[in-house]
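Structure file data.pdb; described as PDB, C-alpha atoms (C1' of nucleotides).
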```pdb
MODEL        1
ATOM      1  CA  MET W  26     -28.636  16.437  96.701  1.00  0.00           C
ATOM      2  CA  GLN W  27     -31.651  18.329  95.472  1.00  0.00           C
ATOM      3  CA  MET W  28     -33.194  16.823  92.391  1.00  0.00           C
ATOM      4  CA  ASP W  29     -36.654  16.545  90.939  1.00  0.00           C
ATOM      5  CA  LEU W  30     -37.334  12.835  90.549  1.00  0.00           C
ATOM      6  CA  ASP W  31     -40.401  13.454  88.427  1.00  0.00           C
ATOM      7  CA  GLU W  32     -38.553  15.751  86.048  1.00  0.00           C
ATOM      8  CA  ILE W  33     -35.693  13.275  85.704  1.00  0.00           C
ATOM      9  CA  ILE W  34     -37.909  10.290  84.963  1.00  0.00           C
ATOM     10  CA  LYS W  35     -39.794  12.287  82.350  1.00  0.00           C
ATOM     11  CA  ALA W  36     -36.483  13.288  80.806  1.00  0.00           C
ATOM     12  CA  LEU W  37     -35.462   9.631  80.659  1.00  0.00           C
ATOM     13  CA  ALA W  38     -38.809   8.520  79.257  1.00  0.00           C
ATOM     14  CA  ASN W  39     -37.558   9.194  75.750  1.00  0.00           C
ATOM     15  CA  PRO W  40     -35.283   6.835  73.853  1.00  0.00           C
ATOM     16  CA  THR W  41     -33.326   9.574  72.084  1.00  0.00           C
ATOM     17  CA  ARG W  42     -32.464  11.270  75.351  1.00  0.00           C
ATOM     18  CA  ARG W  43     -31.412   7.994  76.957  1.00  0.00           C
ATOM     19  CA  GLU W  44     -29.285   7.293  73.895  1.00  0.00           C
ATOM     20  CA  ILE W  45     -27.547  10.658  74.138  1.00  0.00           C
ATOM     21  CA  LEU W  46     -26.835  10.027  77.803  1.00  0.00           C
ATOM     22  CA  ALA W  47     -25.359   6.640  76.927  1.00  0.00           C
ATOM     23  CA  TRP W  48     -23.154   8.082  74.178  1.00  0.00           C
ATOM     24  CA  LEU W  49     -21.741  10.602  76.619  1.00  0.00           C
ATOM     25  CA  LYS W  50     -20.578   7.774  78.855  1.00  0.00           C
ATOM     26  CA  THR W  51     -17.715   6.960  76.463  1.00  0.00           C
ATOM     27  CA  PRO W  52     -17.201   9.907  74.103  1.00  0.00           C
ATOM     28  CA  GLU W  53     -13.893   8.481  72.841  1.00  0.00           C
ATOM     29  CA  THR W  54     -15.597   5.461  71.313  1.00  0.00           C
ATOM     30  CA  GLU W  55     -18.885   7.101  70.380  1.00  0.00           C
ATOM     31  CA  PHE W  56     -17.635  10.275  68.716  1.00  0.00           C
ATOM     32  CA  CYS W  57     -14.777  10.982  66.364  1.00  0.00           C
ATOM     33  CA  GLU W  58     -12.100  13.410  67.458  1.00  0.00           C
ATOM     34  CA  GLN W  59     -12.768  17.025  68.199  1.00  0.00           C
ATOM     35  CA  SER W  60     -10.420  19.961  68.707  1.00  0.00           C
ATOM     36  CA  PHE W  61     -11.140  20.182  72.427  1.00  0.00           C
ATOM     37  CA  PRO W  62     -10.477  17.281  74.788  1.00  0.00           C
ATOM     38  CA  PHE W  63     -13.494  15.290  75.892  1.00  0.00           C
ATOM     39  CA  GLU W  64     -13.021  16.399  79.489  1.00  0.00           C
ATOM     40  CA  ASN W  65     -14.974  19.513  78.508  1.00  0.00           C
ATOM     41  CA  GLY W  66     -17.741  17.325  77.165  1.00  0.00           C
ATOM     42  CA  VAL W  67     -18.903  16.625  73.634  1.00  0.00           C
ATOM     43  CA  CYS W  68     -19.612  19.404  71.163  1.00  0.00           C
ATOM     44  CA  SER W  69     -23.358  19.582  70.512  1.00  0.00           C
ATOM     45  CA  GLY W  70     -22.731  19.512  66.772  1.00  0.00           C
ATOM     46  CA  LYS W  71     -21.361  15.980  67.097  1.00  0.00           C
ATOM     47  CA  ILE W  72     -24.485  14.953  68.962  1.00  0.00           C
ATOM     48  CA  PHE W  73     -26.691  16.559  66.305  1.00  0.00           C
ATOM     49  CA  GLU W  74     -24.984  14.469  63.613  1.00  0.00           C
ATOM     50  CA  ARG W  75     -25.230  11.233  65.529  1.00  0.00           C
ATOM     51  CA  ALA W  76     -28.890  11.554  66.488  1.00  0.00           C
ATOM     52  CA  GLY W  77     -30.350  11.658  63.001  1.00  0.00           C
ATOM     53  CA  LEU W  78     -32.880  14.320  63.921  1.00  0.00           C
ATOM     54  CA  SER W  79     -32.981  18.003  63.170  1.00  0.00           C
ATOM     55  CA  GLN W  80     -30.675  20.328  65.061  1.00  0.00           C
ATOM     56  CA  SER W  81     -33.523  22.111  66.740  1.00  0.00           C
ATOM     57  CA  THR W  82     -35.067  18.865  67.951  1.00  0.00           C
ATOM     58  CA  VAL W  83     -31.819  17.581  69.419  1.00  0.00           C
ATOM     59  CA  SER W  84     -31.133  20.963  70.935  1.00  0.00           C
ATOM     60  CA  ALA W  85     -34.481  20.717  72.697  1.00  0.00           C
ATOM     61  CA  HIS W  86     -33.628  17.231  73.959  1.00  0.00           C
ATOM     62  CA  LEU W  87     -30.341  18.493  75.343  1.00  0.00           C
ATOM     63  CA  ALA W  88     -32.181  21.312  77.074  1.00  0.00           C
ATOM     64  CA  VAL W  89     -34.515  18.814  78.743  1.00  0.00           C
ATOM     65  CA  LEU W  90     -31.571  16.729  79.925  1.00  0.00           C
ATOM     66  CA  GLN W  91     -29.845  19.801  81.277  1.00  0.00           C
ATOM     67  CA  LYS W  92     -32.957  21.151  82.996  1.00  0.00           C
ATOM     68  CA  ALA W  93     -33.292  17.781  84.731  1.00  0.00           C
ATOM     69  CA  GLY W  94     -29.665  18.065  85.842  1.00  0.00           C
ATOM     70  CA  LEU W  95     -28.544  14.959  83.964  1.00  0.00           C
ATOM     71  CA  VAL W  96     -26.010  16.870  81.858  1.00  0.00           C
ATOM     72  CA  SER W  97     -24.163  20.144  82.153  1.00  0.00           C
ATOM     73  CA  SER W  98     -22.882  22.382  79.407  1.00  0.00           C
ATOM     74  CA  THR W  99     -19.874  24.609  78.828  1.00  0.00           C
ATOM     75  CA  LYS W 100     -19.579  27.223  76.168  1.00  0.00           C
ATOM     76  CA  ILE W 101     -16.203  27.515  74.477  1.00  0.00           C
ATOM     77  CA  GLY W 102     -16.031  30.011  71.643  1.00  0.00           C
ATOM     78  CA  GLN W 103     -19.024  29.411  69.431  1.00  0.00           C
ATOM     79  CA  TRP W 104     -19.446  25.838  70.546  1.00  0.00           C
ATOM     80  CA  VAL W 105     -21.351  24.305  73.414  1.00  0.00           C
ATOM     81  CA  PHE W 106     -20.057  21.151  75.044  1.00  0.00           C
ATOM     82  CA  TYR W 107     -22.249  18.750  76.970  1.00  0.00           C
ATOM     83  CA  LYS W 108     -21.229  16.168  79.514  1.00  0.00           C
ATOM     84  CA  ARG W 109     -22.978  13.882  81.962  1.00  0.00           C
ATOM     85  CA  ASP W 110     -23.603  15.006  85.515  1.00  0.00           C
ATOM     86  CA  GLU W 111     -22.627  11.799  87.278  1.00  0.00           C
ATOM     87  CA  ALA W 112     -23.635  13.092  90.698  1.00  0.00           C
ATOM     88  CA  THR W 113     -27.235  13.654  89.655  1.00  0.00           C
ATOM     89  CA  ILE W 114     -27.354  10.373  87.784  1.00  0.00           C
ATOM     90  CA  ALA W 115     -26.118   8.460  90.826  1.00  0.00           C
ATOM     91  CA  ALA W 116     -28.514  10.321  93.102  1.00  0.00           C
ATOM     92  CA  PHE W 117     -31.365   9.508  90.756  1.00  0.00           C
ATOM     93  CA  LEU W 118     -30.545   5.789  90.745  1.00  0.00           C
ATOM     94  CA  ALA W 119     -30.469   5.798  94.527  1.00  0.00           C
ATOM     95  CA  ALA W 120     -33.757   7.689  94.760  1.00  0.00           C
ATOM     96  CA  MET W 121     -35.279   5.263  92.285  1.00  0.00           C
ATOM     97  CA  ARG W 122     -34.257   2.305  94.428  1.00  0.00           C
ATOM     98  CA  ASP W 123     -36.061   3.904  97.365  1.00  0.00           C
ATOM     99  CA  ALA W 124     -39.127   5.003  95.414  1.00  0.00           C
ATOM    100  CA  LEU W 125     -39.783   1.637  93.840  1.00  0.00           C
TER     101      LEU W 125
ATOM    102  CA  MET J   9     -35.742 -11.726  82.266  1.00  0.00           C
ATOM    103  CA  GLN J  10     -37.490 -10.239  79.264  1.00  0.00           C
ATOM    104  CA  MET J  11     -38.760  -6.744  79.859  1.00  0.00           C
ATOM    105  CA  ASP J  12     -39.257  -3.656  77.789  1.00  0.00           C
ATOM    106  CA  LEU J  13     -37.186  -0.933  79.412  1.00  0.00           C
ATOM    107  CA  ASP J  14     -38.800   1.775  77.335  1.00  0.00           C
ATOM    108  CA  GLU J  15     -42.310   0.663  78.252  1.00  0.00           C
ATOM    109  CA  ILE J  16     -41.411   0.475  81.936  1.00  0.00           C
ATOM    110  CA  ILE J  17     -39.831   3.916  82.087  1.00  0.00           C
ATOM    111  CA  LYS J  18     -42.850   5.413  80.342  1.00  0.00           C
ATOM    112  CA  ALA J  19     -45.096   3.649  82.843  1.00  0.00           C
ATOM    113  CA  LEU J  20     -43.088   5.155  85.679  1.00  0.00           C
ATOM    114  CA  ALA J  21     -43.069   8.620  84.137  1.00  0.00           C
ATOM    115  CA  ASN J  22     -46.356   9.380  85.834  1.00  0.00           C
ATOM    116  CA  PRO J  23     -46.614  10.320  89.494  1.00  0.00           C
ATOM    117  CA  THR J  24     -49.942   8.571  90.062  1.00  0.00           C
ATOM    118  CA  ARG J  25     -48.583   5.284  88.782  1.00  0.00           C
ATOM    119  CA  ARG J  26     -45.456   5.592  90.911  1.00  0.00           C
ATOM    120  CA  GLU J  27     -47.663   6.353  93.883  1.00  0.00           C
ATOM    121  CA  ILE J  28     -49.784   3.269  93.301  1.00  0.00           C
ATOM    122  CA  LEU J  29     -46.675   1.156  93.069  1.00  0.00           C
ATOM    123  CA  ALA J  30     -45.431   2.610  96.345  1.00  0.00           C
ATOM    124  CA  TRP J  31     -48.762   1.959  98.102  1.00  0.00           C
ATOM    125  CA  LEU J  32     -48.608  -1.663  97.053  1.00  0.00           C
ATOM    126  CA  LYS J  33     -45.286  -2.054  98.840  1.00  0.00           C
ATOM    127  CA  THR J  34     -47.029  -2.044 102.214  1.00  0.00           C
ATOM    128  CA  PRO J  35     -50.743  -2.711 101.703  1.00  0.00           C
ATOM    129  CA  GLU J  36     -51.291  -3.265 105.442  1.00  0.00           C
ATOM    130  CA  THR J  37     -50.356   0.320 106.289  1.00  0.00           C
ATOM    131  CA  GLU J  38     -51.671   1.960 103.110  1.00  0.00           C
ATOM    132  CA  PHE J  39     -55.091   0.342 102.839  1.00  0.00           C
ATOM    133  CA  CYS J  40     -57.724  -0.521 105.399  1.00  0.00           C
ATOM    134  CA  GLU J  41     -58.739  -4.123 105.779  1.00  0.00           C
ATOM    135  CA  GLN J  42     -60.312  -6.140 103.024  1.00  0.00           C
ATOM    136  CA  SER J  43     -62.058  -9.510 103.050  1.00  0.00           C
ATOM    137  CA  PHE J  44     -59.233 -11.265 101.248  1.00  0.00           C
ATOM    138  CA  PRO J  45     -55.704 -11.369 102.642  1.00  0.00           C
ATOM    139  CA  PHE J  46     -53.212  -8.992 101.075  1.00  0.00           C
ATOM    140  CA  GLU J  47     -51.187 -11.873  99.710  1.00  0.00           C
ATOM    141  CA  ASN J  48     -53.615 -11.870  96.788  1.00  0.00           C
ATOM    142  CA  GLY J  49     -52.905  -8.194  96.282  1.00  0.00           C
ATOM    143  CA  VAL J  50     -55.054  -5.136  96.836  1.00  0.00           C
ATOM    144  CA  CYS J  51     -58.583  -4.865  95.482  1.00  0.00           C
ATOM    145  CA  SER J  52     -58.702  -2.281  92.714  1.00  0.00           C
ATOM    146  CA  GLY J  53     -61.626  -0.565  94.405  1.00  0.00           C
ATOM    147  CA  LYS J  54     -59.375   0.374  97.303  1.00  0.00           C
ATOM    148  CA  ILE J  55     -56.868   1.834  94.877  1.00  0.00           C
ATOM    149  CA  PHE J  56     -59.606   3.811  93.118  1.00  0.00           C
ATOM    150  CA  GLU J  57     -60.635   5.374  96.436  1.00  0.00           C
ATOM    151  CA  ARG J  58     -57.104   6.280  97.427  1.00  0.00           C
ATOM    152  CA  ALA J  59     -56.069   7.829  94.129  1.00  0.00           C
ATOM    153  CA  GLY J  60     -58.626  10.613  94.039  1.00  0.00           C
ATOM    154  CA  LEU J  61     -59.224  10.209  90.320  1.00  0.00           C
ATOM    155  CA  SER J  62     -62.107   8.645  88.421  1.00  0.00           C
ATOM    156  CA  GLN J  63     -62.392   4.865  88.337  1.00  0.00           C
ATOM    157  CA  SER J  64     -61.818   4.700  84.632  1.00  0.00           C
ATOM    158  CA  THR J  65     -58.677   6.783  84.853  1.00  0.00           C
ATOM    159  CA  VAL J  66     -57.161   4.693  87.622  1.00  0.00           C
ATOM    160  CA  SER J  67     -58.190   1.519  85.825  1.00  0.00           C
ATOM    161  CA  ALA J  68     -56.223   2.745  82.823  1.00  0.00           C
ATOM    162  CA  HIS J  69     -53.200   3.465  85.017  1.00  0.00           C
ATOM    163  CA  LEU J  70     -53.352  -0.045  86.431  1.00  0.00           C
ATOM    164  CA  ALA J  71     -53.520  -1.440  82.909  1.00  0.00           C
ATOM    165  CA  VAL J  72     -50.373   0.480  81.964  1.00  0.00           C
ATOM    166  CA  LEU J  73     -48.555  -0.828  85.033  1.00  0.00           C
ATOM    167  CA  GLN J  74     -49.647  -4.366  84.247  1.00  0.00           C
ATOM    168  CA  LYS J  75     -48.734  -4.138  80.560  1.00  0.00           C
ATOM    169  CA  ALA J  76     -45.260  -3.021  81.615  1.00  0.00           C
ATOM    170  CA  GLY J  77     -45.059  -6.011  83.936  1.00  0.00           C
ATOM    171  CA  LEU J  78     -44.749  -3.941  87.092  1.00  0.00           C
ATOM    172  CA  VAL J  79     -47.878  -5.417  88.660  1.00  0.00           C
ATOM    173  CA  SER J  80     -49.929  -8.548  88.186  1.00  0.00           C
ATOM    174  CA  SER J  81     -53.616  -9.071  88.789  1.00  0.00           C
ATOM    175  CA  THR J  82     -55.844 -11.853  90.048  1.00  0.00           C
ATOM    176  CA  LYS J  83     -59.557 -12.005  89.638  1.00  0.00           C
ATOM    177  CA  ILE J  84     -61.518 -13.330  92.599  1.00  0.00           C
ATOM    178  CA  GLY J  85     -65.274 -13.241  92.215  1.00  0.00           C
ATOM    179  CA  GLN J  86     -66.219  -9.840  90.894  1.00  0.00           C
ATOM    180  CA  TRP J  87     -63.077  -8.218  92.229  1.00  0.00           C
ATOM    181  CA  VAL J  88     -59.638  -7.771  90.746  1.00  0.00           C
ATOM    182  CA  PHE J  89     -56.599  -7.714  93.003  1.00  0.00           C
ATOM    183  CA  TYR J  90     -53.331  -6.090  92.054  1.00  0.00           C
ATOM    184  CA  LYS J  91     -49.897  -6.687  93.480  1.00  0.00           C
ATOM    185  CA  ARG J  92     -46.354  -5.683  92.642  1.00  0.00           C
ATOM    186  CA  ASP J  93     -44.224  -7.889  90.433  1.00  0.00           C
ATOM    187  CA  GLU J  94     -41.004  -7.681  92.399  1.00  0.00           C
ATOM    188  CA  ALA J  95     -39.006  -9.649  89.845  1.00  0.00           C
ATOM    189  CA  THR J  96     -39.707  -7.165  87.062  1.00  0.00           C
ATOM    190  CA  ILE J  97     -39.111  -4.226  89.361  1.00  0.00           C
ATOM    191  CA  ALA J  98     -35.738  -5.590  90.435  1.00  0.00           C
ATOM    192  CA  ALA J  99     -34.801  -6.401  86.847  1.00  0.00           C
ATOM    193  CA  PHE J 100     -35.747  -2.897  85.819  1.00  0.00           C
ATOM    194  CA  LEU J 101     -33.579  -1.312  88.494  1.00  0.00           C
ATOM    195  CA  ALA J 102     -30.644  -3.443  87.398  1.00  0.00           C
ATOM    196  CA  ALA J 103     -31.212  -2.595  83.724  1.00  0.00           C
ATOM    197  CA  MET J 104     -31.426   1.066  84.638  1.00  0.00           C
ATOM    198  CA  ARG J 105     -28.075   0.932  86.406  1.00  0.00           C
ATOM    199  CA  ASP J 106     -26.558  -0.469  83.206  1.00  0.00           C
ATOM    200  CA  ALA J 107     -28.343   1.863  80.821  1.00  0.00           C
ATOM    201  CA  LEU J 108     -27.404   5.039  82.664  1.00  0.00           C
TER     202      LEU J 108
ATOM    203  C1'  DA Q  28     -19.180  46.159  60.404  1.00  0.00           C
ATOM    204  C1'  DT Q  29     -19.939  42.213  57.223  1.00  0.00           C
ATOM    205  C1'  DT Q  30     -19.788  37.448  56.592  1.00  0.00           C
ATOM    206  C1'  DG Q  31     -19.823  32.756  58.110  1.00  0.00           C
ATOM    207  C1'  DT Q  32     -20.446  29.072  61.488  1.00  0.00           C
ATOM    208  C1'  DA Q  33     -22.685  27.144  65.706  1.00  0.00           C
ATOM    209  C1'  DT Q  34     -26.464  26.997  68.390  1.00  0.00           C
ATOM    210  C1'  DT Q  35     -30.928  28.123  70.317  1.00  0.00           C
ATOM    211  C1'  DT Q  36     -35.589  29.975  70.172  1.00  0.00           C
ATOM    212  C1'  DC Q  37     -40.027  30.549  67.810  1.00  0.00           C
ATOM    213  C1'  DG Q  38     -44.246  29.081  65.508  1.00  0.00           C
ATOM    214  C1'  DA Q  39     -46.732  25.433  63.626  1.00  0.00           C
ATOM    215  C1'  DT Q  40     -48.350  20.683  63.340  1.00  0.00           C
ATOM    216  C1'  DA Q  41     -49.023  15.899  64.478  1.00  0.00           C
ATOM    217  C1'  DA Q  42     -49.033  12.378  67.857  1.00  0.00           C
ATOM    218  C1'  DA Q  43     -49.343  10.656  72.515  1.00  0.00           C
ATOM    219  C1'  DA Q  44     -50.842  10.927  77.264  1.00  0.00           C
ATOM    220  C1'  DC Q  45     -54.349  12.110  80.752  1.00  0.00           C
ATOM    221  C1'  DA Q  46     -58.710  12.737  82.354  1.00  0.00           C
ATOM    222  C1'  DC Q  47     -63.762  12.268  82.477  1.00  0.00           C
ATOM    223  C1'  DG Q  48     -68.583  10.284  82.129  1.00  0.00           C
ATOM    224  C1'  DA Q  49     -71.268   6.945  79.820  1.00  0.00           C
ATOM    225  C1'  DA Q  50     -71.738   2.478  77.996  1.00  0.00           C
ATOM    226  C1'  DA Q  51     -70.399  -2.256  78.162  1.00  0.00           C
ATOM    227  C1'  DT Q  52     -68.869  -6.455  80.437  1.00  0.00           C
ATOM    228  C1'  DA Q  53     -68.306  -9.786  84.286  1.00  0.00           C
ATOM    229  C1'  DC Q  54     -69.897 -11.890  88.015  1.00  0.00           C
ATOM    230  C1'  DA Q  55     -72.975 -12.870  92.315  1.00  0.00           C
ATOM    231  C1'  DA Q  56     -77.197 -13.197  94.400  1.00  0.00           C
ATOM    232  C1'  DC Q  57     -81.694 -13.431  94.365  1.00  0.00           C
TER     233       DC Q  57
ATOM    234  C1'  DG S  25     -83.318 -14.418  84.014  1.00  0.00           C
ATOM    235  C1'  DT S  26     -83.337  -9.891  86.629  1.00  0.00           C
ATOM    236  C1'  DT S  27     -81.008  -6.948  89.669  1.00  0.00           C
ATOM    237  C1'  DG S  28     -76.945  -5.097  91.860  1.00  0.00           C
ATOM    238  C1'  DT S  29     -71.970  -4.456  92.391  1.00  0.00           C
ATOM    239  C1'  DA S  30     -67.192  -4.275  90.484  1.00  0.00           C
ATOM    240  C1'  DT S  31     -64.489  -3.316  86.805  1.00  0.00           C
ATOM    241  C1'  DT S  32     -63.091  -2.224  82.119  1.00  0.00           C
ATOM    242  C1'  DT S  33     -63.752  -0.251  77.568  1.00  0.00           C
ATOM    243  C1'  DC S  34     -65.305   3.519  74.567  1.00  0.00           C
ATOM    244  C1'  DG S  35     -65.785   8.225  72.879  1.00  0.00           C
ATOM    245  C1'  DT S  36     -64.242  12.766  73.688  1.00  0.00           C
ATOM    246  C1'  DG S  37     -61.886  17.004  75.094  1.00  0.00           C
ATOM    247  C1'  DT S  38     -57.582  18.889  76.943  1.00  0.00           C
ATOM    248  C1'  DT S  39     -52.789  19.028  77.722  1.00  0.00           C
ATOM    249  C1'  DT S  40     -48.157  17.644  76.850  1.00  0.00           C
ATOM    250  C1'  DT S  41     -44.510  15.936  73.886  1.00  0.00           C
ATOM    251  C1'  DA S  42     -41.892  15.441  69.534  1.00  0.00           C
ATOM    252  C1'  DT S  43     -40.728  17.133  65.425  1.00  0.00           C
ATOM    253  C1'  DC S  44     -39.633  20.368  61.763  1.00  0.00           C
ATOM    254  C1'  DG S  45     -38.057  24.657  59.205  1.00  0.00           C
ATOM    255  C1'  DA S  46     -37.333  29.405  59.659  1.00  0.00           C
ATOM    256  C1'  DA S  47     -35.880  33.184  62.323  1.00  0.00           C
ATOM    257  C1'  DA S  48     -32.991  34.858  65.937  1.00  0.00           C
ATOM    258  C1'  DT S  49     -28.792  34.981  68.717  1.00  0.00           C
ATOM    259  C1'  DA S  50     -23.842  34.327  69.739  1.00  0.00           C
ATOM    260  C1'  DC S  51     -19.418  34.422  68.484  1.00  0.00           C
ATOM    261  C1'  DA S  52     -15.137  34.363  65.143  1.00  0.00           C
ATOM    262  C1'  DA S  53     -12.790  35.908  61.415  1.00  0.00           C
ATOM    263  C1'  DT S  54     -12.070  38.787  57.959  1.00  0.00           C
TER     264       DT S  54
ENDMDL
END
```

Turn this file's structure into structure tokens for me.
Amino acid sequence: MQMDLDEIIKALANPTRREILAWLKTPETEFCEQSFPFENGVCSGKIFERAGLSQSTVSAHLAVLQKAGLVSSTKIGQWVFYKRDEATIAAFLAAMRDAL
Amino acid sequence: MQMDLDEIIKALANPTRREILAWLKTPETEFCEQSFPFENGVCSGKIFERAGLSQSTVSAHLAVLQKAGLVSSTKIGQWVFYKRDEATIAAFLAAMRDAL
DNA sequence: ATTGTATTTCGATAAAACACGAAATACAAC
DNA sequence: GTTGTATTTCGTGTTTTATCGAAATACAAT
């Protein structure tokens, strides 16, 4: 598994981004219903609402998470859905155990 | 175990600080001998040398690590010795598994 | 093709982090 | 107490991060 430990830690060194990642763990309980099933991920608009920051700011946070490989996105129509990348997250935790 | 997850992650979001923490895992192999046994920790001077940054900069890094609880320090004479705080590190790894 | 909705990118600003050298502090030894 | 060594704190410049609103892009629907 290739992954940039430094980039991932920096991505996680922000409470909003960690929060988003946590919300995505259980979309059913954290977000109200959406037209598409949660298997595709959560529509970014729902995340914008929840975060209490401007759209552009949250969009930037999502981009950082994605660049670090912690989430992936799918475009469906005019919406973009984000979901956790569990493989990277697990690999990061393992790498962290070794690094520390 | 009380510990500020946010403060710890921010402390770790810097390669130099992670490096220092890694060096302290095996002082015998990472640092040449010192007058006091490594049980007391590693003399900050040795860490300054190894890091390749100015004393003041490395001193600041050590302060961040200590404030986060990742290392502890002991003063002996005019020297200050730093060592890992394994309890905090382990608690952090566990908290990280839960948070992610 | 015009309009409307969803999202991202751009440009600006403020705050935080990183680095340095110089000054200050702490302690030992003389 | 003066000198020398070890370390931290202070003042400063530079870079990175976080945030916003406005402009740009993408797509759907009419």

Worksheet item: Pick the closest to Q:DT34 from S:DT31, S:DT54, S:DT49, S:DT41: which is it, counting only C-alpha atoms (C1' of nucleotides)?
Response: S:DT49

Practice prompt. Could you list the residues in chain Q lying within 10 Å of chain J, using all atoms listed in the file, and format the result as a PyMOL selection string?
Written response: chain Q and resi 44-48+53-55

Go through the shown structure with the PyMOL selection byres ((chain S) within 10 of (chain W)) and write out the matching residues as a compact mmCIF listing (two decimals) with C-alpha atoms (C1' of nucleotides), keeping the file's coordinate frame.
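That gives us result.txt:
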```
# COMPACT_ATOMS: atom_id res chain seq x y z
C1' DT S 41 -44.51 15.94 73.89
C1' DA S 42 -41.89 15.44 69.53
C1' DT S 43 -40.73 17.13 65.42
C1' DC S 44 -39.63 20.37 61.76
C1' DG S 45 -38.06 24.66 59.20
C1' DA S 50 -23.84 34.33 69.74
C1' DC S 51 -19.42 34.42 68.48
C1' DA S 52 -15.14 34.36 65.14
```

Worksheet item: What are the residues of chain W that have an atom within 9 Å of an atom of chain J, counting only C-alpha atoms, as a PyMOL selection string?
Response: chain W and resi 31-40+43-44+46-47+50+114-115+118+121-122+124-125

Worksheet entry | Neighbour list for J:Ala99 as JSON, numbers by chain, cut-off 9 Å, all atoms listed in the file, skip fewer than 4 positions in-chain | {"J": [9, 10, 11, 94, 95, 103, 104]}

Item to complete: For the structure provided, state which residues fall under the PyMOL selection byres ((chain Q and resi 57) around 9), and present them as a ChimeraX atom specification.
Response: /Q:55-56 /S:26-27

Discussion item. Taking (-47.9, -10.7, 92.1) in the coordinates of the supplied file, I want to know which residues reach to within 8 Å of it, counting all atoms listed in the file; could you give the answer as a ChimeraX atom specification?
Written reply: /J:48-49,79-81,90-94

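Atom C1' of S:DA30 is found 21.5 Å from atom CA of J:Thr24.
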
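For S:DT33, the non-local neighbours within 9 Å, defined as residues at least 5 positions apart in the same chain or in other chains and counting all atoms listed in the file, are Ser64 of chain J; DA50, DA51 and DT52 of chain Q.
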
Worksheet entry | Reference answer for the PyMOL selection byres ((chain Q and resi 29) around 12), as a ChimeraX atom specification | /Q:28,30-31 /S:53-54

Worksheet item: By how many Å are atom CA of W:Phe106 and atom CA of W:Gly77 apart?
Response: 18.5 Å
